[in-house]
$ cat data32.cif   # mmCIF, C-alpha atoms
data_start
#
loop_
_atom_site.group_PDB
_atom_site.id
_atom_site.type_symbol
_atom_site.label_atom_id
_atom_site.label_comp_id
_atom_site.auth_asym_id
_atom_site.auth_seq_id
_atom_site.Cartn_x
_atom_site.Cartn_y
_atom_site.Cartn_z
ATOM 1 C CA MET U 1 0.000 0.000 0.000
ATOM 2 C CA PRO U 2 1.426 3.454 -0.940
ATOM 3 C CA GLN U 3 2.487 5.751 1.877
ATOM 4 C CA LYS U 4 -0.034 8.508 2.622
ATOM 5 C CA THR U 5 1.267 12.041 2.106
ATOM 6 C CA GLN U 6 0.862 14.181 5.209
ATOM 7 C CA LYS U 7 -0.362 17.748 5.106
ATOM 8 C CA ARG U 8 1.946 20.613 6.003
ATOM 9 C CA THR U 9 2.000 21.525 9.666
ATOM 10 C CA ASP U 10 3.586 24.981 9.428
ATOM 11 C CA TYR U 11 0.685 26.692 7.659
ATOM 12 C CA LEU U 12 -0.728 29.995 8.949
ATOM 13 C CA SER U 13 -3.569 30.031 11.452
ATOM 14 C CA TRP U 14 -6.589 32.149 10.492
ATOM 15 C CA ASP U 15 -5.457 34.857 12.915
ATOM 16 C CA GLU U 16 -1.955 34.883 11.435
ATOM 17 C CA TYR U 17 -3.337 34.946 7.904
ATOM 18 C CA PHE U 18 -5.666 37.891 8.464
ATOM 19 C CA MET U 19 -3.031 39.809 10.430
ATOM 20 C CA ALA U 20 -0.572 39.207 7.581
ATOM 21 C CA VAL U 21 -3.129 40.687 5.161
ATOM 22 C CA ALA U 22 -3.472 43.713 7.444
ATOM 23 C CA LEU U 23 0.292 44.144 7.612
ATOM 24 C CA LEU U 24 0.626 43.720 3.844
ATOM 25 C CA SER U 25 -2.085 46.354 3.360
ATOM 26 C CA ALA U 26 -0.075 48.706 5.572
ATOM 27 C CA GLN U 27 2.637 48.625 2.924
ATOM 28 C CA ARG U 28 0.311 50.682 0.671
ATOM 29 C CA SER U 29 0.442 53.609 3.112
ATOM 30 C CA LYS U 30 2.484 56.589 1.943
ATOM 31 C CA ASP U 31 2.852 57.918 5.488
ATOM 32 C CA PRO U 32 6.597 58.324 6.102
ATOM 33 C CA ASN U 33 6.271 57.611 9.839
ATOM 34 C CA THR U 34 3.447 55.179 10.556
ATOM 35 C CA GLN U 35 2.047 52.496 8.288
ATOM 36 C CA VAL U 36 -1.036 50.730 9.615
ATOM 37 C CA GLY U 37 -3.261 48.234 7.854
ATOM 38 C CA ALA U 38 -6.538 46.597 8.785
ATOM 39 C CA CYS U 39 -8.376 43.506 7.586
ATOM 40 C CA VAL U 40 -12.016 42.652 8.299
ATOM 41 C CA ALA U 41 -12.951 38.961 8.197
ATOM 42 C CA ASN U 42 -16.425 37.510 8.594
ATOM 43 C CA ASP U 43 -17.475 34.485 10.609
ATOM 44 C CA GLN U 44 -16.886 32.257 7.566
ATOM 45 C CA ASN U 45 -13.226 33.354 7.467
ATOM 46 C CA LYS U 46 -13.672 35.401 4.322
ATOM 47 C CA ILE U 47 -12.077 38.805 3.912
ATOM 48 C CA VAL U 48 -14.754 41.455 3.503
ATOM 49 C CA GLY U 49 -12.661 44.625 3.844
ATOM 50 C CA VAL U 50 -9.108 45.920 3.932
ATOM 51 C CA GLY U 51 -7.656 49.361 4.465
ATOM 52 C CA TYR U 52 -4.559 51.342 5.345
ATOM 53 C CA ASN U 53 -3.883 54.828 6.647
ATOM 54 C CA GLY U 54 -3.860 57.583 4.064
ATOM 55 C CA PHE U 55 -5.638 60.641 2.772
ATOM 56 C CA PRO U 56 -9.221 60.453 1.451
ATOM 57 C CA TRP U 57 -9.748 59.710 -2.223
ATOM 58 C CA GLY U 58 -9.151 62.758 -4.370
ATOM 59 C CA CYS U 59 -7.035 64.548 -1.754
ATOM 60 C CA SER U 60 -3.514 64.906 -3.078
ATOM 61 C CA ASP U 61 -0.845 63.201 -1.010
ATOM 62 C CA ASP U 62 1.632 65.503 -2.760
ATOM 63 C CA VAL U 63 -0.111 68.643 -1.485
ATOM 64 C CA LEU U 64 -1.379 67.777 1.989
ATOM 65 C CA PRO U 65 1.209 67.577 4.781
ATOM 66 C CA TRP U 66 2.738 64.371 6.132
ATOM 67 C CA THR U 67 4.414 65.981 9.132
ATOM 68 C CA ARG U 68 3.574 65.041 12.727
ATOM 69 C CA ASP U 69 4.690 68.258 14.412
ATOM 70 C CA GLY U 70 3.628 71.872 14.176
ATOM 71 C CA ALA U 71 0.336 73.711 13.975
ATOM 72 C CA TYR U 72 -2.568 71.252 13.721
ATOM 73 C CA LEU U 73 -3.592 72.237 10.188
ATOM 74 C CA ASP U 74 0.015 71.892 9.060
ATOM 75 C CA THR U 75 0.176 68.237 10.187
ATOM 76 C CA LYS U 76 -1.267 65.050 8.749
ATOM 77 C CA TYR U 77 -3.711 64.534 11.631
ATOM 78 C CA PRO U 78 -6.752 66.449 10.413
ATOM 79 C CA TYR U 79 -6.533 64.793 6.997
ATOM 80 C CA VAL U 80 -5.502 61.129 7.363
ATOM 81 C CA CYS U 81 -8.105 58.367 7.395
ATOM 82 C CA HIS U 82 -7.022 55.517 9.645
ATOM 83 C CA ALA U 83 -6.773 51.931 8.439
ATOM 84 C CA GLU U 84 -9.776 50.733 10.446
ATOM 85 C CA LEU U 85 -12.041 53.412 8.971
ATOM 86 C CA ASN U 86 -10.862 52.576 5.462
ATOM 87 C CA ALA U 87 -11.356 48.831 6.020
ATOM 88 C CA VAL U 88 -14.958 49.443 7.094
ATOM 89 C CA LEU U 89 -15.629 51.920 4.269
ATOM 90 C CA ASN U 90 -13.970 49.612 1.709
ATOM 91 C CA SER U 91 -15.928 46.555 2.827
ATOM 92 C CA ILE U 92 -17.877 44.572 0.277
ATOM 93 C CA SER U 93 -20.729 44.134 2.734
ATOM 94 C CA TYR U 94 -22.884 46.699 4.459
ATOM 95 C CA ASP U 95 -23.434 44.288 7.333
ATOM 96 C CA LEU U 96 -20.247 43.733 9.330
ATOM 97 C CA ARG U 97 -21.975 42.272 12.374
ATOM 98 C CA ASN U 98 -20.064 39.308 13.807
ATOM 99 C CA CYS U 99 -16.937 40.190 11.859
ATOM 100 C CA ARG U 100 -13.438 40.486 13.292
ATOM 101 C CA ILE U 101 -11.007 43.297 12.542
ATOM 102 C CA TYR U 102 -7.257 42.683 12.486
ATOM 103 C CA VAL U 103 -5.041 45.720 12.910
ATOM 104 C CA GLY U 104 -1.382 46.390 13.629
ATOM 105 C CA LEU U 105 -2.042 49.001 16.336
ATOM 106 C CA PHE U 106 -4.793 49.079 18.942
ATOM 107 C CA PRO U 107 -7.515 51.375 17.548
ATOM 108 C CA CYS U 108 -7.871 54.991 18.618
ATOM 109 C CA ASN U 109 -11.174 56.252 20.016
ATOM 110 C CA GLU U 110 -12.392 57.524 16.631
ATOM 111 C CA CYS U 111 -11.792 54.159 14.959
ATOM 112 C CA THR U 112 -13.299 52.336 17.915
ATOM 113 C CA LYS U 113 -16.510 54.311 17.428
ATOM 114 C CA VAL U 114 -16.576 53.213 13.786
ATOM 115 C CA ILE U 115 -15.915 49.583 14.777
ATOM 116 C CA ILE U 116 -18.733 49.686 17.338
ATOM 117 C CA GLN U 117 -21.166 51.308 14.914
ATOM 118 C CA ALA U 118 -20.315 48.754 12.216
ATOM 119 C CA GLY U 119 -21.180 45.879 14.562
ATOM 120 C CA ILE U 120 -17.753 44.259 14.448
ATOM 121 C CA LYS U 121 -17.547 41.775 17.326
ATOM 122 C CA GLU U 122 -13.812 41.388 17.921
ATOM 123 C CA ILE U 123 -10.600 43.411 17.570
ATOM 124 C CA ILE U 124 -7.314 41.528 17.157
ATOM 125 C CA TYR U 125 -4.226 43.723 17.298
ATOM 126 C CA LEU U 126 -0.451 43.340 17.385
ATOM 127 C CA SER U 127 0.825 46.375 19.263
ATOM 128 C CA ASP U 128 -0.610 48.436 22.090
ATOM 129 C CA LYS U 129 2.259 50.933 22.131
ATOM 130 C CA TYR U 130 -0.092 53.897 22.569
ATOM 131 C CA LYS U 131 -1.919 52.352 25.554
ATOM 132 C CA ASP U 132 -1.134 55.348 27.759
ATOM 133 C CA THR U 133 -2.699 57.899 25.393
ATOM 134 C CA ASP U 134 -6.125 59.353 26.037
ATOM 135 C CA ALA U 135 -7.333 58.085 22.643
ATOM 136 C CA VAL U 136 -6.616 54.438 23.495
ATOM 137 C CA LYS U 137 -7.853 54.824 27.073
ATOM 138 C CA ALA U 138 -11.139 56.153 25.660
ATOM 139 C CA SER U 139 -11.287 53.207 23.250
ATOM 140 C CA LYS U 140 -10.895 50.699 26.057
ATOM 141 C CA THR U 141 -13.449 52.544 28.193
ATOM 142 C CA MET U 142 -16.021 52.254 25.399
ATOM 143 C CA LEU U 143 -15.180 48.609 24.764
ATOM 144 C CA ASP U 144 -15.115 47.642 28.437
ATOM 145 C CA THR U 145 -18.248 49.459 29.561
ATOM 146 C CA SER U 146 -20.806 49.495 26.805
ATOM 147 C CA ALA U 147 -19.836 47.739 23.633
ATOM 148 C CA ASN U 148 -20.300 44.018 23.260
ATOM 149 C CA ILE U 149 -16.928 43.730 21.555
ATOM 150 C CA SER U 150 -13.939 41.733 22.700
ATOM 151 C CA TYR U 151 -10.339 42.593 22.003
ATOM 152 C CA ARG U 152 -7.128 40.647 22.268
ATOM 153 C CA GLN U 153 -3.513 40.883 21.313
ATOM 154 C CA LEU U 154 -2.483 38.324 18.706
ATOM 155 C CA GLN U 155 -0.504 35.515 20.268
ATOM 156 C CA THR U 156 1.746 33.681 17.850
ATOM 157 C CA SER U 157 5.055 31.908 17.983
ATOM 158 C CA ARG U 158 5.987 33.404 14.600
ATOM 159 C CA SER U 159 8.186 36.456 14.512
ATOM 160 C CA ARG U 160 8.131 36.731 10.734
ATOM 161 C CA ILE U 161 6.028 35.838 7.702
ATOM 162 C CA SER U 162 7.915 36.198 4.427
ATOM 163 C CA ILE U 163 6.645 36.715 0.920
ATOM 164 C CA ASP U 164 9.134 36.157 -1.862
ATOM 165 C CA LEU U 165 7.802 37.643 -5.096
ATOM 166 C CA SER U 166 10.583 36.098 -7.145
ATOM 167 C CA ARG U 167 9.750 32.519 -6.251
ATOM 168 C CA ILE U 168 6.433 30.745 -6.771
ATOM 169 C CA GLU U 169 6.113 27.016 -6.174
#
$ encode --input "data32.cif" --output "structure tokens"
Amino acid sequence: MPQKTQKRTDYLSWDEYFMAVALLSAQRSKDPNTQVGACVANDQNKIVGVGYNGFPWGCSDDVLPWTRDGAYLDTKYPYVCHAELNAVLNSISYDLRNCRIYVGLFPCNECTKVIIQAGIKEIIYLSDKYKDTDAVKASKTMLDTSANISYRQLQTSRSRISIDLSRIE
């Protein structure tokens, strides 16, 4: 009897896969300082939205500022759409209830409001480096006190996922 071929064991988990899509999406960002991506997956493990931080459609990224310091209107902050907002707005479905959103950074309060309003049920993030900011504290207050949304930091033994565009097998 022929020997049965075994399946690979080092394949990506769903969480790793969707986070990798979010991180790949971040590579589209033209922001010179912070590149964030987001991926929305439904309860059937299908991607229904992706986004990255950048200016709204039609707003020139050659004209608007990318700086982080200075007078408010001379910085990127009043103009940039965050990855989570873009992932929700870019979704192929109006109904995002019971979906999960994967994002590199824990969402700010403005994005958390969008996530809550969209009905997304879970936030999976990699980094919480802004946990001491008022924006993230407000996010966690909303999530902990009134929203029926869970959040967790992605736990994985992988430190790297590589994509080699020169080699396809």
$ residues_around --input "data32.cif" --residues "segment 80-97 of chain U" --least-positions-apart "2" --cutoff "8 Å" --atoms "all atoms listed in the file" --output "PyMOL selection string"
chain U and resi 26+36-40+42+48-56+76-78+99+101+103+107+111+114-115+118-121
$ resolve_selection --input "data32.cif" --expression "the PyMOL selection byres ((chain U and resi 162-167) around 10)" --output "list in words"
Ala20, Leu24, Arg160, Ile161, Ile168 and Glu169 of chain U
$ resolve_selection --input "data32.cif" --expression "the PyMOL selection byres ((chain U and resi 68) around 12)" --output "ChimeraX atom specification"
/U:31-34,65-67,69-80
$ residues_near_point --input "data32.cif" --point "(-20.6, 45.0, 23.9)" --cutoff "10 Å" --atoms "all atoms listed in the file" --output "ChimeraX atom specification"
/U:116,119-122,142-150
$ closest_residue --input "data32.cif" --among "U:Arg8, U:Arg152, U:Arg28, U:Arg158" --to "Leu126 of chain U" --atoms "only C-alpha atoms"
U:Arg152
$ closest_residue --input "data32.cif" --among "U:Val63, U:Ala22, U:Ala138, U:Leu12" --to "Gln35 of chain U" --atoms "all atoms listed in the file"
U:Ala22
